[in-house]
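What follows is the content of input_9.txt, which has compact mmCIF, C-alpha atoms:
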# COMPACT_ATOMS: atom_id res chain seq x y z
CA MET A 244 -4.28 7.42 -19.26
CA LYS A 245 -1.84 4.63 -18.53
CA ILE A 246 -2.98 3.29 -15.16
CA ILE A 247 -1.34 0.72 -12.89
CA LEU A 248 -4.10 -1.20 -11.09
CA VAL A 249 -2.68 -3.03 -8.06
CA GLY A 250 -5.03 -5.71 -6.77
CA ALA A 251 -6.63 -6.06 -10.19
CA SER A 252 -7.84 -9.59 -9.49
CA GLY A 253 -9.65 -8.74 -6.24
CA THR A 254 -13.38 -8.26 -5.66
CA ILE A 255 -13.20 -4.51 -6.11
CA GLY A 256 -10.18 -4.50 -8.43
CA LYS A 257 -11.98 -6.56 -11.08
CA GLN A 258 -14.84 -4.07 -11.20
CA ILE A 259 -12.49 -1.08 -11.37
CA HIS A 260 -10.79 -2.79 -14.31
CA GLU A 261 -14.09 -3.39 -16.09
CA ALA A 262 -15.17 0.23 -15.61
CA LEU A 263 -11.91 1.86 -16.69
CA SER A 264 -10.56 -0.40 -19.44
CA PRO A 265 -12.83 0.95 -22.23
CA ARG A 266 -11.24 4.38 -21.97
CA HIS A 267 -7.83 3.87 -20.35
CA GLU A 268 -4.79 1.65 -20.74
CA ILE A 269 -4.76 -0.56 -17.63
CA ILE A 270 -1.66 -2.38 -16.42
CA THR A 271 -2.94 -5.09 -14.08
CA ALA A 272 -0.74 -5.95 -11.10
CA SER A 273 -1.32 -8.67 -8.53
CA LEU A 274 0.53 -11.09 -6.31
CA ASN A 275 -0.06 -14.07 -8.58
CA LYS A 276 -2.00 -12.88 -11.62
CA GLY A 277 -1.92 -9.82 -13.83
CA GLN A 278 0.48 -8.42 -16.39
CA VAL A 279 2.93 -7.56 -13.61
CA LYS A 280 3.49 -9.59 -10.46
CA VAL A 281 3.99 -7.57 -7.29
CA ASP A 282 4.22 -8.44 -3.60
CA ILE A 283 3.41 -5.13 -1.89
CA THR A 284 4.85 -6.36 1.42
CA LYS A 285 8.32 -6.21 -0.20
CA PRO A 286 9.70 -2.79 -1.18
CA GLN A 287 12.06 -4.41 -3.70
CA SER A 288 9.11 -6.07 -5.44
CA ILE A 289 7.38 -2.68 -5.67
CA GLN A 290 10.57 -1.17 -7.07
CA ALA A 291 10.76 -3.97 -9.67
CA MET A 292 7.17 -3.31 -10.74
CA PHE A 293 7.84 0.37 -11.43
CA THR A 294 11.09 -0.41 -13.22
CA THR A 295 9.18 -2.83 -15.46
CA VAL A 296 6.23 -0.54 -16.17
CA GLY A 297 8.16 2.70 -16.58
CA SER A 298 6.32 5.99 -16.64
CA PHE A 299 2.57 6.05 -16.07
CA ASP A 300 -0.26 8.50 -15.37
CA ALA A 301 -2.06 7.03 -12.37
CA LEU A 302 -1.91 4.23 -9.86
CA ILE A 303 -4.95 2.69 -8.19
CA SER A 304 -4.45 0.27 -5.32
CA ALA A 305 -7.29 -1.95 -4.15
CA THR A 306 -5.28 -4.44 -2.20
CA GLY A 307 -3.82 -5.27 1.17
CA SER A 308 -4.98 -7.39 4.06
CA GLY A 309 -4.71 -7.75 7.81
CA PRO A 310 -5.51 -10.52 10.29
CA PHE A 311 -8.63 -10.61 12.43
CA GLY A 312 -8.64 -11.36 16.14
CA ALA A 313 -9.99 -10.20 19.48
CA ILE A 314 -7.91 -7.57 21.25
CA SER A 315 -7.31 -10.10 24.05
CA ALA A 316 -5.55 -12.43 21.59
CA LEU A 317 -3.86 -10.12 19.07
CA THR A 318 -0.06 -9.98 19.06
CA ASP A 319 2.63 -7.59 17.90
CA GLU A 320 3.11 -9.92 14.93
CA ASP A 321 -0.57 -9.74 13.96
CA PHE A 322 -0.38 -5.96 13.79
CA ASN A 323 2.89 -6.12 11.87
CA ASP A 324 1.28 -8.42 9.28
CA GLY A 325 -1.43 -5.86 8.57
CA ILE A 326 1.03 -2.98 8.68
CA ARG A 327 3.43 -4.62 6.22
CA SER A 328 0.61 -5.43 3.82
CA LYS A 329 -2.24 -2.94 3.65
CA LEU A 330 -0.55 0.05 5.34
CA MET A 331 3.12 0.10 4.35
CA GLY A 332 2.45 -1.82 1.15
CA GLN A 333 0.24 0.98 -0.10
CA ILE A 334 2.44 3.75 1.35
CA ASN A 335 5.45 2.25 -0.43
CA LEU A 336 3.50 2.30 -3.72
CA VAL A 337 3.43 6.09 -3.32
CA LEU A 338 6.96 6.54 -1.94
CA THR A 339 8.47 4.68 -4.90
CA GLY A 340 5.81 5.49 -7.47
CA GLN A 341 6.26 9.26 -7.09
CA LYS A 342 9.60 8.86 -8.89
CA TYR A 343 8.02 7.22 -11.97
CA ILE A 344 4.61 8.87 -12.30
CA ARG A 345 4.13 11.65 -14.87
CA ASP A 346 3.42 15.28 -13.95
CA GLY A 347 -0.15 15.78 -12.79
CA GLY A 348 -0.65 12.07 -12.08
CA SER A 349 -2.69 10.60 -9.27
CA PHE A 350 -2.52 7.89 -6.63
CA THR A 351 -5.68 6.31 -5.23
CA LEU A 352 -5.34 3.94 -2.27
CA THR A 353 -7.91 1.94 -0.30
CA SER A 354 -8.66 2.10 3.42
CA GLY A 355 -12.10 1.21 4.83
CA ILE A 356 -14.88 1.91 7.29
CA LEU A 357 -13.11 0.17 10.20
CA SER A 358 -11.02 3.30 10.75
CA GLU A 359 -14.14 4.89 12.21
CA GLU A 360 -16.41 2.04 13.22
CA PRO A 361 -15.30 -0.99 15.23
CA ILE A 362 -16.28 -4.59 14.58
CA ALA A 363 -15.36 -7.58 16.73
CA GLY A 364 -11.88 -8.75 15.78
CA GLY A 365 -11.19 -5.81 13.50
CA THR A 366 -8.66 -3.76 15.47
CA VAL A 367 -5.68 -4.44 13.17
CA LEU A 368 -7.58 -3.15 10.14
CA SER A 369 -8.90 -0.20 12.15
CA VAL A 370 -5.31 0.85 12.88
CA VAL A 371 -4.21 0.28 9.28
CA ASN A 372 -7.14 2.19 7.79
CA GLY A 373 -6.74 5.09 10.23
CA GLY A 374 -3.08 5.36 9.30
CA LEU A 375 -3.90 5.33 5.59
CA ASN A 376 -6.47 8.10 5.92
CA SER A 377 -3.95 10.34 7.69
CA PHE A 378 -1.28 9.41 5.14
CA ALA A 379 -3.42 10.69 2.27
CA MET A 380 -4.17 13.91 4.17
CA ALA A 381 -0.51 14.60 4.97
CA ALA A 382 1.45 13.24 2.02
CA SER A 383 -0.87 14.84 -0.55
CA ALA A 384 0.09 18.27 0.77
CA GLU A 385 3.76 17.67 -0.02
CA LEU A 386 3.63 15.89 -3.37
CA GLN A 387 5.37 17.75 -6.18
CA ARG A 388 4.64 18.31 -9.92
CA GLY A 389 0.86 18.54 -9.51
CA LEU A 390 0.57 14.98 -8.25
CA ARG A 391 -2.59 14.07 -6.36
CA LEU A 392 -3.30 11.42 -3.71
CA ASN A 393 -6.62 10.23 -2.32
CA VAL A 394 -7.86 7.22 -0.42
CA VAL A 395 -11.18 5.47 -0.97
CA SER A 396 -12.74 4.21 2.27
CA PRO A 397 -15.49 1.72 1.44
CA GLY A 398 -17.97 0.10 3.78
CA ILE A 399 -18.78 -3.53 3.25
CA VAL A 400 -19.59 -4.02 -0.43
CA GLU A 401 -22.76 -5.83 -1.51
CA ASP A 402 -20.65 -8.36 -3.41
CA SER A 403 -18.95 -9.39 -0.14
CA ALA A 404 -22.05 -9.37 2.07
CA ASP A 405 -22.84 -13.05 1.68
CA ALA A 406 -19.30 -14.08 2.56
CA ILE A 407 -18.42 -11.71 5.42
CA GLY A 408 -21.56 -9.70 6.19
CA GLN A 409 -22.06 -11.66 9.42
CA TYR A 410 -18.98 -9.91 10.84
CA PHE A 411 -20.50 -6.48 10.11
CA PRO A 412 -23.80 -6.59 12.03
CA GLY A 413 -26.01 -3.62 11.23
CA HIS A 414 -23.73 -2.31 8.50
CA ASN A 415 -25.44 -1.23 5.30
CA PRO A 416 -23.77 -2.92 2.33
CA VAL A 417 -22.90 -0.40 -0.39
CA SER A 418 -23.31 -0.99 -4.10
CA MET A 419 -20.24 -1.84 -6.13
CA GLN A 420 -21.23 0.94 -8.52
CA ARG A 421 -20.84 3.54 -5.76
CA VAL A 422 -17.47 2.08 -4.73
CA VAL A 423 -16.16 2.06 -8.30
CA ASN A 424 -17.37 5.63 -8.74
CA ALA A 425 -15.20 6.73 -5.81
CA TYR A 426 -12.11 5.50 -7.64
CA ILE A 427 -13.26 7.25 -10.83
CA LYS A 428 -13.81 10.47 -8.85
CA SER A 429 -10.26 10.30 -7.51
CA LEU A 430 -8.79 9.34 -10.90
CA GLU A 431 -10.60 11.68 -13.27
CA GLY A 432 -11.63 14.44 -10.87
CA ILE A 433 -9.58 17.13 -9.17
CA GLU A 434 -9.70 16.01 -5.55
CA ASN A 435 -6.50 15.81 -3.54
CA GLY A 436 -5.83 14.65 0.02
CA ARG A 437 -9.37 13.40 0.42
CA VAL A 438 -10.73 10.38 2.24
CA ILE A 439 -13.56 9.45 -0.12
CA GLN A 440 -16.00 7.61 2.12
CA VAL A 441 -18.43 5.18 0.52
CA TYR A 442 -20.84 4.23 3.30
CA MET B 174 -4.42 4.35 42.20
CA LYS B 175 -1.18 2.64 41.24
CA ILE B 176 -0.30 4.19 37.88
CA ILE B 177 2.47 3.29 35.44
CA LEU B 178 3.61 6.47 33.69
CA VAL B 179 5.59 5.65 30.54
CA GLY B 180 7.60 8.59 29.26
CA ALA B 181 7.72 10.10 32.73
CA SER B 182 10.83 12.13 31.97
CA GLY B 183 9.44 13.82 28.85
CA THR B 184 8.08 17.33 28.45
CA ILE B 185 4.49 16.27 29.04
CA GLY B 186 5.30 13.26 31.21
CA LYS B 187 6.99 15.39 33.87
CA GLN B 188 3.93 17.58 34.21
CA ILE B 189 1.58 14.60 34.37
CA HIS B 190 3.76 13.25 37.16
CA GLU B 191 3.65 16.50 39.07
CA ALA B 192 -0.13 16.74 38.77
CA LEU B 193 -0.90 13.16 39.75
CA SER B 194 1.72 12.28 42.36
CA PRO B 195 0.02 14.06 45.30
CA ARG B 196 -2.97 11.73 45.10
CA HIS B 197 -1.75 8.59 43.31
CA GLU B 198 1.14 6.14 43.47
CA ILE B 199 3.15 6.73 40.28
CA ILE B 200 5.58 4.18 38.87
CA THR B 201 7.80 6.14 36.50
CA ALA B 202 9.02 4.32 33.38
CA SER B 203 11.41 5.62 30.74
CA LEU B 204 14.07 4.45 28.35
CA ASN B 205 16.95 5.64 30.55
CA LYS B 206 15.48 7.13 33.71
CA GLY B 207 12.63 6.26 36.02
CA GLN B 208 11.94 3.51 38.51
CA VAL B 209 11.53 1.04 35.67
CA LYS B 210 13.49 1.09 32.42
CA VAL B 211 11.52 0.24 29.29
CA ASP B 212 12.23 0.34 25.58
CA ILE B 213 8.77 0.42 24.02
CA THR B 214 10.15 -0.56 20.62
CA LYS B 215 10.87 -4.02 22.07
CA PRO B 216 7.90 -6.20 23.10
CA GLN B 217 10.13 -8.21 25.45
CA SER B 218 11.15 -5.02 27.28
CA ILE B 219 7.47 -4.14 27.71
CA GLN B 220 6.80 -7.65 29.00
CA ALA B 221 9.68 -7.28 31.49
CA MET B 222 8.26 -3.98 32.76
CA PHE B 223 4.87 -5.49 33.54
CA THR B 224 6.46 -8.55 35.16
CA THR B 225 8.47 -6.21 37.40
CA VAL B 226 5.61 -3.90 38.32
CA GLY B 227 2.91 -6.56 38.75
CA SER B 228 -0.70 -5.53 39.03
CA PHE B 229 -1.66 -1.87 38.63
CA ASP B 230 -4.72 0.32 38.14
CA ALA B 231 -3.84 2.53 35.19
CA LEU B 232 -1.21 3.13 32.56
CA ILE B 233 -0.50 6.50 30.98
CA SER B 234 1.85 6.68 28.00
CA ALA B 235 3.29 10.01 26.88
CA THR B 236 6.09 8.70 24.75
CA GLY B 237 7.10 7.59 21.29
CA SER B 238 8.74 9.33 18.39
CA GLY B 239 8.99 9.28 14.62
CA PRO B 240 11.38 10.79 12.08
CA PHE B 241 10.64 13.93 10.08
CA GLY B 242 11.21 14.24 6.35
CA ALA B 243 9.60 15.40 3.12
CA ILE B 244 7.46 12.82 1.34
CA SER B 245 9.93 12.94 -1.56
CA ALA B 246 12.71 11.69 0.73
CA LEU B 247 10.98 9.42 3.25
CA THR B 248 11.70 5.70 3.08
CA ASP B 249 10.07 2.49 4.22
CA GLU B 250 12.58 2.44 7.09
CA ASP B 251 11.59 5.95 8.23
CA PHE B 252 7.97 4.87 8.51
CA ASN B 253 8.98 1.68 10.28
CA ASP B 254 10.95 3.67 12.85
CA GLY B 255 7.87 5.69 13.79
CA ILE B 256 5.63 2.63 13.66
CA ARG B 257 7.91 0.58 15.94
CA SER B 258 8.14 3.43 18.45
CA LYS B 259 5.06 5.61 18.84
CA LEU B 260 2.48 3.33 17.16
CA MET B 261 3.32 -0.29 17.99
CA GLY B 262 5.17 0.70 21.17
CA GLN B 263 2.00 2.15 22.61
CA ILE B 264 -0.24 -0.58 21.16
CA ASN B 265 2.00 -3.22 22.75
CA LEU B 266 1.65 -1.46 26.12
CA VAL B 267 -2.08 -2.24 25.86
CA LEU B 268 -1.76 -5.74 24.34
CA THR B 269 0.53 -6.89 27.15
CA GLY B 270 -0.76 -4.58 29.88
CA GLN B 271 -4.34 -5.89 29.61
CA LYS B 272 -3.10 -9.10 31.24
CA TYR B 273 -1.73 -7.30 34.32
CA ILE B 274 -4.10 -4.37 34.87
CA ARG B 275 -6.78 -4.66 37.57
CA ASP B 276 -10.52 -4.78 36.80
CA GLY B 277 -11.86 -1.38 35.85
CA GLY B 278 -8.42 -0.01 35.01
CA SER B 279 -7.59 2.42 32.24
CA PHE B 280 -5.03 2.97 29.52
CA THR B 281 -4.30 6.47 28.18
CA LEU B 282 -2.07 6.80 25.12
CA THR B 283 -0.80 9.85 23.22
CA SER B 284 -1.30 10.67 19.54
CA GLY B 285 -1.29 14.27 18.26
CA ILE B 286 -2.75 16.89 15.96
CA LEU B 287 -0.77 15.68 12.92
CA SER B 288 -3.35 12.94 12.38
CA GLU B 289 -5.69 15.66 11.13
CA GLU B 290 -3.48 18.56 10.11
CA PRO B 291 -0.37 18.27 7.94
CA ILE B 292 2.94 20.02 8.51
CA ALA B 293 5.95 19.91 6.22
CA GLY B 294 7.94 16.78 6.95
CA GLY B 295 5.34 15.33 9.31
CA THR B 296 3.84 12.46 7.30
CA VAL B 297 5.29 9.65 9.44
CA LEU B 298 3.74 11.07 12.59
CA SER B 299 0.47 11.74 10.76
CA VAL B 300 0.25 8.04 9.90
CA VAL B 301 1.22 6.98 13.42
CA ASN B 302 -1.24 9.33 15.10
CA GLY B 303 -4.07 8.34 12.76
CA GLY B 304 -3.44 4.69 13.54
CA LEU B 305 -3.44 5.36 17.28
CA ASN B 306 -6.75 7.22 17.16
CA SER B 307 -8.42 4.33 15.36
CA PHE B 308 -6.78 1.85 17.75
CA ALA B 309 -8.38 3.53 20.75
CA MET B 310 -11.76 3.58 19.00
CA ALA B 311 -11.63 -0.11 18.07
CA ALA B 312 -9.72 -1.80 20.89
CA SER B 313 -11.70 -0.02 23.62
CA ALA B 314 -14.86 -1.69 22.36
CA GLU B 315 -13.41 -5.15 22.98
CA LEU B 316 -11.54 -4.74 26.25
CA GLN B 317 -12.81 -6.96 29.06
CA ARG B 318 -13.34 -6.52 32.84
CA GLY B 319 -14.48 -2.90 32.61
CA LEU B 320 -11.15 -1.73 31.23
CA ARG B 321 -11.08 1.63 29.45
CA LEU B 322 -8.80 3.02 26.75
CA ASN B 323 -8.47 6.58 25.46
CA VAL B 324 -5.92 8.56 23.51
CA VAL B 325 -4.95 12.17 24.15
CA SER B 326 -4.25 14.10 20.95
CA PRO B 327 -2.42 17.33 21.81
CA GLY B 328 -1.55 20.19 19.54
CA ILE B 329 1.83 21.81 19.98
CA VAL B 330 2.29 22.57 23.66
CA GLU B 331 3.35 26.04 24.83
CA ASP B 332 6.39 24.50 26.53
CA SER B 333 7.63 23.23 23.15
CA ALA B 334 6.79 26.31 21.10
CA ASP B 335 10.22 27.92 21.39
CA ALA B 336 12.00 24.76 20.31
CA ILE B 337 9.77 23.46 17.50
CA GLY B 338 7.05 26.06 16.93
CA GLN B 339 8.67 27.13 13.67
CA TYR B 340 7.64 23.78 12.18
CA PHE B 341 3.99 24.42 13.09
CA PRO B 342 3.23 27.73 11.33
CA GLY B 343 -0.12 29.15 12.35
CA HIS B 344 -0.76 26.53 15.00
CA ASN B 345 -2.06 27.81 18.33
CA PRO B 346 0.10 26.48 21.15
CA VAL B 347 -2.00 24.94 23.91
CA SER B 348 -1.36 25.33 27.61
CA MET B 349 0.27 22.47 29.47
CA GLN B 350 -2.55 22.70 32.00
CA ARG B 351 -5.11 21.82 29.32
CA VAL B 352 -2.96 18.94 28.08
CA VAL B 353 -2.48 17.53 31.58
CA ASN B 354 -6.21 17.85 32.21
CA ALA B 355 -6.90 15.61 29.22
CA TYR B 356 -4.90 12.82 30.86
CA ILE B 357 -6.73 13.42 34.15
CA LYS B 358 -10.06 13.26 32.33
CA SER B 359 -9.14 9.91 30.81
CA LEU B 360 -7.72 8.57 34.10
CA GLU B 361 -10.28 9.70 36.64
CA GLY B 362 -13.34 10.17 34.38
CA ILE B 363 -15.53 7.59 32.71
CA GLU B 364 -14.64 8.11 29.05
CA ASN B 365 -13.81 5.12 26.88
CA GLY B 366 -12.69 4.85 23.26
CA ARG B 367 -12.31 8.60 22.96
CA VAL B 368 -9.76 10.70 21.10
CA ILE B 369 -9.42 13.57 23.56
CA GLN B 370 -8.30 16.47 21.37
CA VAL B 371 -6.41 19.34 22.99
CA TYR B 372 -6.22 21.98 20.30
Let me see whether you can do it: turn the structure in this file into structure tokens.
Amino acid sequence: MKIILVGASGTIGKQIHEALSPRHEIITASLNKGQVKVDITKPQSIQAMFTTVGSFDALISATGSGPFGAISALTDEDFNDGIRSKLMGQINLVLTGQKYIRDGGSFTLTSGILSEEPIAGGTVLSVVNGGLNSFAMAASAELQRGLRLNVVSPGIVEDSADAIGQYFPGHNPVSMQRVVNAYIKSLEGIENGRVIQVY
Amino acid sequence: MKIILVGASGTIGKQIHEALSPRHEIITASLNKGQVKVDITKPQSIQAMFTTVGSFDALISATGSGPFGAISALTDEDFNDGIRSKLMGQINLVLTGQKYIRDGGSFTLTSGILSEEPIAGGTVLSVVNGGLNSFAMAASAELQRGLRLNVVSPGIVEDSADAIGQYFPGHNPVSMQRVVNAYIKSLEGIENGRVIQVY
């Protein structure tokens, strides 16, 4: 398959690339690195990426961010930053990508455990992840031409535990192998409209 | 209690008002009617409402909208319209309202069944409702001074079934009494961080 991997240079994206590249053609896409540059906060940049790449069989997105802050300090702008990046960035990959993807293709996006479990300062990402999970459920039911759409919702990954594990007290870090397998399940399996939890 | 009721002139808001006004002081707030005018899509309008009302004991929001459309036709702007209104409008009521509400007060927002069940053309509201449910879960855990936050998630209400029931095939309309009771449960009960489903 010809697969666009958005966020290919990230912690999870690198491992997805390593797992899939022996048997698929991967087009790496990132903000600053990769074969194609894309800023997912800008719909015109997403449009340019698809125009450049042309038709493809699958898109995997492992990207998007949102600011941290206590609810007492968060602002409308903080939420908008997360919404423009991780939520609408990934939704726009599907809205535009559905016009370029081949029949029977698949989209796999990334949400995360904060949709269901709170951590101090994590409300923006909770909102973003909750929206993404419902997006996959709803949009998947309307996609045409046999297209599929799932979202992988990872807990904190072992590879990130040293850096940010202190912000996830009591969370059980999950192995990168399990996380990568969730993307493979969405890509090569038959699931549609699923939130594939890895925690 | 002194309660700000945002969306007081809506289908559900009117019934909440009727149920609560015998035993509480209700400040009605709406875009065009009500004792206080508020446009929840504008943070400065929300700020002006709280400055006008001053301290209060509870806020109930039964407002916010989002456009309908098939996933093949929806645009970034369509999603932004729903996000600015029903999602960020209600989130901003909490972000700003937490500075004016009295100790032990409560916020009750409104999401809806589309977070969990898809209907044709309903993806924007699915995303918005999913985000709101996760917001209540996360933000409630950080609120200070004994403040509480819940979200009521109604199915299609009997009162709306004639007008829009055709878009909800197979859904079981719920009684307005059950929907109003969910707001009463959030307001006068002890729940916090709950998605109170009425379907």
Requested in this report: Specify as a PyMOL selection string all residues of chain B found within 6 Å of chain A, counting only C-alpha atoms.
Outcome: chain B and resi 288+291+296+299-300+303-304+307-308+311-312
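Once B:Val352 and its same-chain neighbours fewer than 3 positions away are set aside, Ile185, Gln188, Ile189, Val325, Ser326, Pro327, Gly328, Ile329, Val330, Val347, Ser348, Met349, Ala355, Tyr356, Ile357, Ile369, Gln370, Val371 and Tyr372 of chain B remain within 10 Å of it when counting all atoms listed in the file.
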**Report entry** A:Phe311, A:Phe411, A:Tyr343, A:Phe350 ranked by distance to A:Thr294, top pick (using all atoms listed in the file)
**Finding:** A:Tyr343
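Counting all atoms listed in the file and comparing B:Arg367, B:Arg318, B:Thr184, B:Thr283, the residue that lies closest to B:Ala336 is B:Thr184.
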Report task. Write out as a ChimeraX atom specification the residues lying within 7 Å of stretch 251-253 of chain A, counting all atoms listed in the file and excluding same-chain residues fewer than 6 positions away. Result -> /A:260,271-273
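From atom CA of B:Ser238 back to atom CA of A:Gly312, the distance works out to 27.1 Å.
Here atom CA of B:Ala231 stands at a distance of 4.7 Å from atom CA of B:Ile176.
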Write out N, CA and C atoms for stretch 342-369 of chain B, as a short mmCIF file (atom, residue, chain, number, x, y, z; two decimals), in the frame of the given file.
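Listing of part.cif after writing:
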data_model
loop_
_atom_site.label_atom_id
_atom_site.label_comp_id
_atom_site.auth_asym_id
_atom_site.auth_seq_id
_atom_site.Cartn_x
_atom_site.Cartn_y
_atom_site.Cartn_z
N PRO B 342 3.67 26.36 11.60
CA PRO B 342 3.23 27.73 11.33
C PRO B 342 1.71 27.86 11.46
N GLY B 343 1.30 28.88 12.21
CA GLY B 343 -0.12 29.15 12.35
C GLY B 343 -0.84 28.28 13.36
N HIS B 344 -0.12 27.34 13.96
CA HIS B 344 -0.76 26.53 15.00
C HIS B 344 -0.83 27.34 16.29
N ASN B 345 -1.88 27.13 17.04
CA ASN B 345 -2.06 27.81 18.33
C ASN B 345 -1.53 26.92 19.44
N PRO B 346 -0.41 27.30 20.05
CA PRO B 346 0.10 26.48 21.15
C PRO B 346 -0.93 26.36 22.26
N VAL B 347 -1.04 25.17 22.83
CA VAL B 347 -2.00 24.94 23.91
C VAL B 347 -1.27 24.90 25.24
N SER B 348 -1.99 25.29 26.28
CA SER B 348 -1.36 25.33 27.61
C SER B 348 -1.12 23.92 28.13
N MET B 349 -0.03 23.77 28.87
CA MET B 349 0.27 22.47 29.47
C MET B 349 -0.84 22.06 30.43
N GLN B 350 -1.46 23.02 31.07
CA GLN B 350 -2.55 22.70 32.00
C GLN B 350 -3.69 21.98 31.27
N ARG B 351 -4.03 22.48 30.07
CA ARG B 351 -5.11 21.82 29.32
C ARG B 351 -4.70 20.41 28.88
N VAL B 352 -3.43 20.26 28.51
CA VAL B 352 -2.96 18.94 28.08
C VAL B 352 -2.99 17.96 29.26
N VAL B 353 -2.48 18.40 30.40
CA VAL B 353 -2.48 17.53 31.58
C VAL B 353 -3.91 17.18 31.98
N ASN B 354 -4.80 18.14 31.87
CA ASN B 354 -6.21 17.85 32.21
C ASN B 354 -6.81 16.76 31.33
N ALA B 355 -6.37 16.67 30.10
CA ALA B 355 -6.90 15.61 29.22
C ALA B 355 -6.53 14.23 29.77
N TYR B 356 -5.30 14.11 30.27
CA TYR B 356 -4.90 12.82 30.86
C TYR B 356 -5.69 12.54 32.13
N ILE B 357 -5.94 13.59 32.92
CA ILE B 357 -6.73 13.42 34.15
C ILE B 357 -8.16 13.01 33.80
N LYS B 358 -8.70 13.62 32.76
CA LYS B 358 -10.06 13.26 32.33
C LYS B 358 -10.14 11.78 31.95
N SER B 359 -9.15 11.31 31.20
CA SER B 359 -9.14 9.91 30.81
C SER B 359 -8.96 9.00 32.02
N LEU B 360 -8.07 9.41 32.94
CA LEU B 360 -7.72 8.57 34.10
C LEU B 360 -8.84 8.51 35.13
N GLU B 361 -9.35 9.65 35.51
CA GLU B 361 -10.28 9.70 36.64
C GLU B 361 -11.73 9.84 36.19
N GLY B 362 -11.97 10.08 34.89
CA GLY B 362 -13.34 10.17 34.38
C GLY B 362 -13.87 8.82 33.96
N ILE B 363 -14.88 8.84 33.13
CA ILE B 363 -15.53 7.59 32.71
C ILE B 363 -15.44 7.38 31.21
N GLU B 364 -14.68 8.21 30.50
CA GLU B 364 -14.64 8.11 29.05
C GLU B 364 -13.96 6.81 28.59
N ASN B 365 -14.39 6.33 27.45
CA ASN B 365 -13.81 5.12 26.88
C ASN B 365 -13.86 5.20 25.36
N GLY B 366 -12.73 4.87 24.73
CA GLY B 366 -12.69 4.85 23.26
C GLY B 366 -12.66 6.23 22.64
N ARG B 367 -12.29 7.22 23.44
CA ARG B 367 -12.31 8.60 22.96
C ARG B 367 -10.94 9.07 22.47
N VAL B 368 -10.94 9.91 21.45
CA VAL B 368 -9.76 10.70 21.10
C VAL B 368 -9.98 12.07 21.75
N ILE B 369 -9.24 12.32 22.82
CA ILE B 369 -9.42 13.57 23.56
C ILE B 369 -8.50 14.62 22.93
#
